[in-house]
Every structure is written in structure tokens, then in C-alpha cells.
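Q: So here's data-v1.pdb, just PDB, C-alpha atoms, pLDDT in the B column:
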ATOM      1  CA  MET Z   1    -155.615 -32.319   2.751  1.00 70.00           C
ATOM      2  CA  LYS Z   2    -157.184 -31.057  -0.454  1.00 80.00           C
ATOM      3  CA  LEU Z   3    -159.826 -28.338  -0.222  1.00 81.00           C
ATOM      4  CA  ASP Z   4    -162.666 -30.519  -1.527  1.00 87.00           C
ATOM      5  CA  ASP Z   5    -161.860 -33.204   1.077  1.00 88.00           C
ATOM      6  CA  PHE Z   6    -161.716 -30.558   3.812  1.00 86.00           C
ATOM      7  CA  VAL Z   7    -165.097 -29.072   2.829  1.00 88.00           C
ATOM      8  CA  SER Z   8    -166.692 -32.513   2.571  1.00 92.00           C
ATOM      9  CA  GLU Z   9    -165.392 -33.730   5.936  1.00 91.00           C
ATOM     10  CA  THR Z  10    -166.273 -30.453   7.659  1.00 90.00           C
ATOM     11  CA  LEU Z  11    -169.878 -30.551   6.424  1.00 93.00           C
ATOM     12  CA  LYS Z  12    -170.229 -34.235   7.317  1.00 95.00           C
ATOM     13  CA  GLN Z  13    -169.083 -33.540  10.878  1.00 94.00           C
ATOM     14  CA  ILE Z  14    -171.392 -30.521  11.217  1.00 94.00           C
ATOM     15  CA  ILE Z  15    -174.338 -32.629  10.000  1.00 95.00           C
ATOM     16  CA  LYS Z  16    -173.418 -35.452  12.376  1.00 96.00           C
ATOM     17  CA  GLY Z  17    -173.233 -32.975  15.269  1.00 95.00           C
ATOM     18  CA  VAL Z  18    -176.602 -31.406  14.402  1.00 95.00           C
ATOM     19  CA  VAL Z  19    -178.263 -34.848  14.154  1.00 96.00           C
ATOM     20  CA  SER Z  20    -176.849 -35.820  17.552  1.00 97.00           C
ATOM     21  CA  ALA Z  21    -178.064 -32.523  19.059  1.00 96.00           C
ATOM     22  CA  GLN Z  22    -181.515 -33.038  17.495  1.00 96.00           C
ATOM     23  CA  GLU Z  23    -181.809 -36.469  19.090  1.00 97.00           C
ATOM     24  CA  TYR Z  24    -180.866 -35.039  22.480  1.00 96.00           C
ATOM     25  CA  GLY Z  25    -183.171 -32.043  22.017  1.00 94.00           C
ATOM     26  CA  ASN Z  26    -186.104 -34.362  21.408  1.00 92.00           C
ATOM     27  CA  THR Z  27    -185.617 -35.766  24.928  1.00 94.00           C
ATOM     28  CA  GLN Z  28    -185.539 -32.258  26.446  1.00 93.00           C
ATOM     29  CA  ASN Z  29    -188.509 -30.571  24.723  1.00 90.00           C
ATOM     30  CA  ALA Z  30    -186.157 -28.573  22.480  1.00 92.00           C
ATOM     31  CA  LYS Z  31    -185.691 -28.486  18.717  1.00 92.00           C
ATOM     32  CA  VAL Z  32    -182.429 -28.059  16.856  1.00 93.00           C
ATOM     33  CA  ASN Z  33    -182.889 -26.617  13.354  1.00 90.00           C
ATOM     34  CA  PRO Z  34    -186.652 -27.269  13.524  1.00 89.00           C
ATOM     35  CA  ASN Z  35    -188.840 -27.747  10.450  1.00 86.00           C
ATOM     36  CA  SER Z  36    -191.189 -25.158  11.933  1.00 84.00           C
ATOM     37  CA  ALA Z  37    -188.559 -22.393  11.712  1.00 84.00           C
ATOM     38  CA  ARG Z  38    -189.819 -19.350   9.839  1.00 81.00           C
ATOM     39  CA  PHE Z  39    -187.970 -16.160   9.080  1.00 77.00           C
ATOM     40  CA  HIS Z  40    -189.932 -12.943   9.248  1.00 69.00           C
ATOM     41  CA  SER Z  41    -189.235 -10.586   6.361  1.00 65.00           C
ATOM     42  CA  ASN Z  42    -189.459  -7.489   8.605  1.00 67.00           C
ATOM     43  CA  THR Z  43    -186.940  -8.759  11.157  1.00 62.00           C
ATOM     44  CA  GLU Z  44    -183.892  -9.690   9.156  1.00 67.00           C
ATOM     45  CA  GLY Z  45    -182.014 -12.636  10.622  1.00 68.00           C
ATOM     46  CA  HIS Z  46    -184.628 -13.403  13.277  1.00 79.00           C
ATOM     47  CA  ALA Z  47    -186.616 -16.616  13.158  1.00 85.00           C
ATOM     48  CA  PHE Z  48    -189.543 -17.982  15.096  1.00 83.00           C
ATOM     49  CA  CYS Z  49    -191.362 -21.287  15.430  1.00 84.00           C
ATOM     50  CA  SER Z  50    -194.478 -21.255  13.250  1.00 85.00           C
ATOM     51  CA  ASP Z  51    -196.166 -23.736  15.615  1.00 85.00           C
ATOM     52  CA  THR Z  52    -195.683 -21.784  18.854  1.00 83.00           C
ATOM     53  CA  GLY Z  53    -194.575 -18.280  17.828  1.00 82.00           C
ATOM     54  CA  VAL Z  54    -191.563 -18.608  20.150  1.00 85.00           C
ATOM     55  CA  PRO Z  55    -188.390 -16.943  18.821  1.00 87.00           C
ATOM     56  CA  LEU Z  56    -185.542 -19.239  17.843  1.00 89.00           C
ATOM     57  CA  GLN Z  57    -182.076 -18.676  19.218  1.00 90.00           C
ATOM     58  CA  LYS Z  58    -179.153 -18.621  16.816  1.00 89.00           C
ATOM     59  CA  VAL Z  59    -176.181 -20.536  18.130  1.00 92.00           C
ATOM     60  CA  GLU Z  60    -173.157 -19.242  16.244  1.00 93.00           C
ATOM     61  CA  PHE Z  61    -169.984 -21.250  15.808  1.00 92.00           C
ATOM     62  CA  ASP Z  62    -166.630 -19.813  14.774  1.00 93.00           C
ATOM     63  CA  VAL Z  63    -164.095 -22.632  14.741  1.00 90.00           C
ATOM     64  CA  ALA Z  64    -160.414 -22.423  13.843  1.00 88.00           C
ATOM     65  CA  VAL Z  65    -159.010 -25.678  12.494  1.00 82.00           C
ATOM     66  CA  THR Z  66    -155.250 -26.123  12.480  1.00 82.00           C
ATOM     67  CA  VAL Z  67    -153.657 -28.844  10.396  1.00 75.00           C
ATOM     68  CA  THR Z  68    -150.014 -29.620  11.091  1.00 76.00           C
ATOM     69  CA  GLU Z  69    -147.861 -32.010   9.140  1.00 71.00           C
ATOM     70  CA  GLU Z  70    -144.539 -32.918  10.685  1.00 69.00           C
ATOM     71  CA  GLN Z  71    -141.802 -35.081   9.282  1.00 65.00           C
ATOM     72  CA  THR Z  72    -138.752 -36.043  11.306  1.00 62.00           C
ATOM     73  CA  THR Z  73    -135.654 -37.654   9.915  1.00 62.00           C
ATOM     74  CA  ALA Z  74    -132.861 -38.769  12.183  1.00 58.00           C
ATOM     75  CA  SER Z  75    -129.788 -40.887  12.026  1.00 59.00           C
ATOM     76  CA  ASP Z  76    -129.765 -43.700  14.586  1.00 57.00           C
ATOM     77  CA  GLY Z  77    -133.427 -43.103  15.442  1.00 55.00           C
ATOM     78  CA  GLU Z  78    -135.454 -45.683  17.291  1.00 53.00           C
ATOM     79  CA  SER Z  79    -139.185 -45.678  17.774  1.00 47.00           C
ATOM     80  CA  VAL Z  80    -140.947 -47.419  20.675  1.00 45.00           C
ATOM     81  CA  GLY Z  81    -144.757 -47.265  20.437  1.00 45.00           C
ATOM     82  CA  SER Z  82    -145.710 -43.610  20.565  1.00 45.00           C
ATOM     83  CA  ILE Z  83    -142.402 -42.682  22.185  1.00 47.00           C
ATOM     84  CA  SER Z  84    -139.677 -41.720  19.770  1.00 48.00           C
ATOM     85  CA  VAL Z  85    -135.997 -41.669  20.698  1.00 50.00           C
ATOM     86  CA  THR Z  86    -133.679 -39.956  18.227  1.00 50.00           C
ATOM     87  CA  SER Z  87    -130.054 -39.010  18.117  1.00 51.00           C
ATOM     88  CA  ALA Z  88    -128.786 -35.479  18.433  1.00 55.00           C
ATOM     89  CA  SER Z  89    -128.641 -35.117  14.665  1.00 58.00           C
ATOM     90  CA  SER Z  90    -132.240 -34.881  13.543  1.00 56.00           C
ATOM     91  CA  ASN Z  91    -134.079 -32.744  11.045  1.00 61.00           C
ATOM     92  CA  ILE Z  92    -137.703 -31.692  11.596  1.00 63.00           C
ATOM     93  CA  SER Z  93    -139.821 -30.274   8.787  1.00 67.00           C
ATOM     94  CA  GLN Z  94    -143.216 -28.824   9.708  1.00 72.00           C
ATOM     95  CA  ASN Z  95    -146.066 -27.368   7.640  1.00 76.00           C
ATOM     96  CA  SER Z  96    -149.262 -26.001   9.129  1.00 78.00           C
ATOM     97  CA  SER Z  97    -152.390 -24.269   7.910  1.00 79.00           C
ATOM     98  CA  ILE Z  98    -155.297 -22.667   9.731  1.00 83.00           C
ATOM     99  CA  SER Z  99    -158.844 -22.574   8.376  1.00 84.00           C
ATOM    100  CA  ARG Z 100    -161.827 -20.839   9.924  1.00 88.00           C
ATOM    101  CA  ILE Z 101    -165.322 -22.257   9.772  1.00 91.00           C
ATOM    102  CA  ARG Z 102    -168.321 -20.111  10.688  1.00 92.00           C
ATOM    103  CA  PHE Z 103    -171.886 -21.340  10.797  1.00 92.00           C
ATOM    104  CA  GLU Z 104    -175.016 -21.032  12.890  1.00 91.00           C
ATOM    105  CA  VAL Z 105    -177.722 -23.418  13.971  1.00 92.00           C
ATOM    106  CA  PRO Z 106    -181.230 -22.241  14.940  1.00 90.00           C
ATOM    107  CA  VAL Z 107    -182.483 -23.707  18.217  1.00 93.00           C
ATOM    108  CA  LEU Z 108    -185.938 -23.690  19.765  1.00 91.00           C
ATOM    109  CA  LEU Z 109    -185.141 -23.787  23.464  1.00 90.00           C
ATOM    110  CA  PRO Z 110    -187.469 -25.631  25.836  1.00 88.00           C
ATOM    111  CA  THR Z 111    -190.276 -23.637  27.403  1.00 78.00           C
ATOM    112  CA  VAL Z 112    -191.691 -24.223  30.854  1.00 70.00           C
ATOM    113  CA  GLY Z 113    -195.430 -24.365  31.321  1.00 56.00           C
ATOM    114  CA  LYS Z 114    -197.851 -22.136  29.478  1.00 48.00           C
ATOM    115  CA  GLN Z 115    -196.788 -19.013  27.644  1.00 46.00           C
ATOM    116  CA  GLU Z 116    -198.137 -15.885  29.310  1.00 44.00           C
ATOM    117  CA  GLU Z 117    -199.857 -13.407  27.065  1.00 43.00           C
ATOM    118  CA  TRP Z 118    -198.433  -9.910  27.042  1.00 35.00           C
TER     119      TRP Z 118
END
Spell out the structure here as C-alpha cells.
A:
Amino acid sequence: MKLDDFVSETLKQIIKGVVSAQEYGNTQNAKVNPNSARFHSNTEGHAFCSDTGVPLQKVEFDVAVTVTEEQTTASDGESVGSISVTSASSNISQNSSISRIRFEVPVLLPTVGKQEEW
């Protein structure tokens, strides 16, 4: 797979996953990547909800993606559905690559009842 195809497909799947999580979060009084997220300049990397003041949680993902291409050539080979029967003389060529994807999604977790003042 070419790099531009890999990047495009990866981002599409991340977006699809976030949208699905947002829909579920809406049914559970939670927000995934909420519009109300604000980052405070004094607390680098920390965000809060501008509507409620509740801190957002960062859910970090570190995913390793392995792509393997395998090509088998055999003399007298026969293939039945997903089961392959080959003779003793076969040649297998395999290429693989591993890519890491790291990203984070801010989440406003559900709160129960009224917030107590400290």
C-alpha cells in the first residue's frame, strides 16, 4: 500500500471511530471530542469543558499496524475455498511492514448528579 493511501485510510477509520463513539456518548451523557473543549494556557496539555468546567480526559491510542503480503507458488497445487493444498515443492515469498499510529481523543466523561463545590 502506498503511503498516501495508508494515511488516507487510517484517518478515515479514526474519524469513523470517533463519530461512532460520539453517537454512543450522546446516549450516556458523555462527549467525545466536544466542541466545548478549551485548553488552558497555564496547564499545557490539559483541557476542560467551557460549559461545565469539568476536566477532559485524554484517551491515548498507540496502534501498531502490520501489513503482510504473501505469495505462494507451487507445482501441482490445488485450492479448495479458503483451504489450500500444495505439493511438497512450494515457494513462499513474504514481505511485511509495521507502522505505528499515535493519536489522542479528548473525552468529557459523564458526571453523576450535581458537582460539589470545593
Q: Using only C-alpha atoms, can you tell me which of Z:Lys58, Z:Asp5, Z:Leu108, Z:Cys49 comes closest to Gly25 of chain Z?
A: Z:Leu108
Q: With all atoms listed in the file as the basis for distance, which of Z:Glu69, Z:Asp51, Z:Glu9, Z:Glu23 is at the shortest distance from Asn95 of chain Z?
A: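 Ranked by minimum distance to Asn95 of chain Z, first place goes to Z:Glu69.
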Q: Running the PyMOL selection byres ((chain Z and resi 61) around 8) on this model by hand, what would come out? Give it as a ChimeraX atom specification.
A: /Z:59-60,62-63,101-104
Q: Fewer than 2 positions away in the same chain doesn't count, so skip those; otherwise give me all residues within 9 Å of Pro110 of chain Z, counting only C-alpha atoms, as a list of chain:residue names.
A: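 Listed by chain and then number, they are Z:Gly25, Z:Gln28, Z:Asn29, Z:Ala30, Z:Lys31, Z:Leu108, Z:Val112.
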Q: With C-alpha atoms retained, could you export that selection as an mmCIF file, keeping the file's coordinate frame?
A:
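The resulting file, again-v8.cif, is shown below:
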data_model
loop_
_atom_site.group_PDB
_atom_site.id
_atom_site.type_symbol
_atom_site.label_atom_id
_atom_site.label_comp_id
_atom_site.auth_asym_id
_atom_site.auth_seq_id
_atom_site.Cartn_x
_atom_site.Cartn_y
_atom_site.Cartn_z
ATOM 1 C CA GLY Z 25 -183.171 -32.043 22.017
ATOM 2 C CA GLN Z 28 -185.539 -32.258 26.446
ATOM 3 C CA ASN Z 29 -188.509 -30.571 24.723
ATOM 4 C CA ALA Z 30 -186.157 -28.573 22.480
ATOM 5 C CA LYS Z 31 -185.691 -28.486 18.717
ATOM 6 C CA LEU Z 108 -185.938 -23.690 19.765
ATOM 7 C CA VAL Z 112 -191.691 -24.223 30.854
#
Q: Show me the residues close to (-186.5, -18.6, 18.0) - anything with an atom within 9 Å, counting all atoms listed in the file - and format the list as a list in words.
A: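 Using all atoms listed in the file, the matching residues come out as Ala37, Arg38, His46, Ala47, Phe48, Cys49, Gly53, Val54, Pro55, Leu56, Gln57, Lys58, Pro106, Val107, Leu108 and Leu109 of chain Z.
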Q: For a test of reading the model, state the distance in Å between atom CA of Val105 of chain Z and atom CA of Val32 of chain Z, rounded to one decimal.
A: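 Value for the atom CA of Val105 of chain Z-atom CA of Val32 of chain Z distance: 7.2 Å.
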Q: Could you tell me how far atom CA of Thr111 of chain Z lies from atom CA of Val18 of chain Z, in Å and to one decimal?
A: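 Rounded to one decimal, the two atoms are 20.4 Å apart.
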Q: Neighbouring residues of segment 65-68 of chain Z were defined as those with any atom within 8 Å, considering all atoms listed in the file; residues of the same chain fewer than 6 positions away were excluded. Please report them as a PyMOL selection string.
A: chain Z and resi 94-101
Q: What is the distance, in Å and to one decimal place, between atom CA of Pro34 of chain Z and atom CA of Thr10 of chain Z?
A: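 Between atom CA of Pro34 of chain Z and atom CA of Thr10 of chain Z the gap works out to 21.4 Å.
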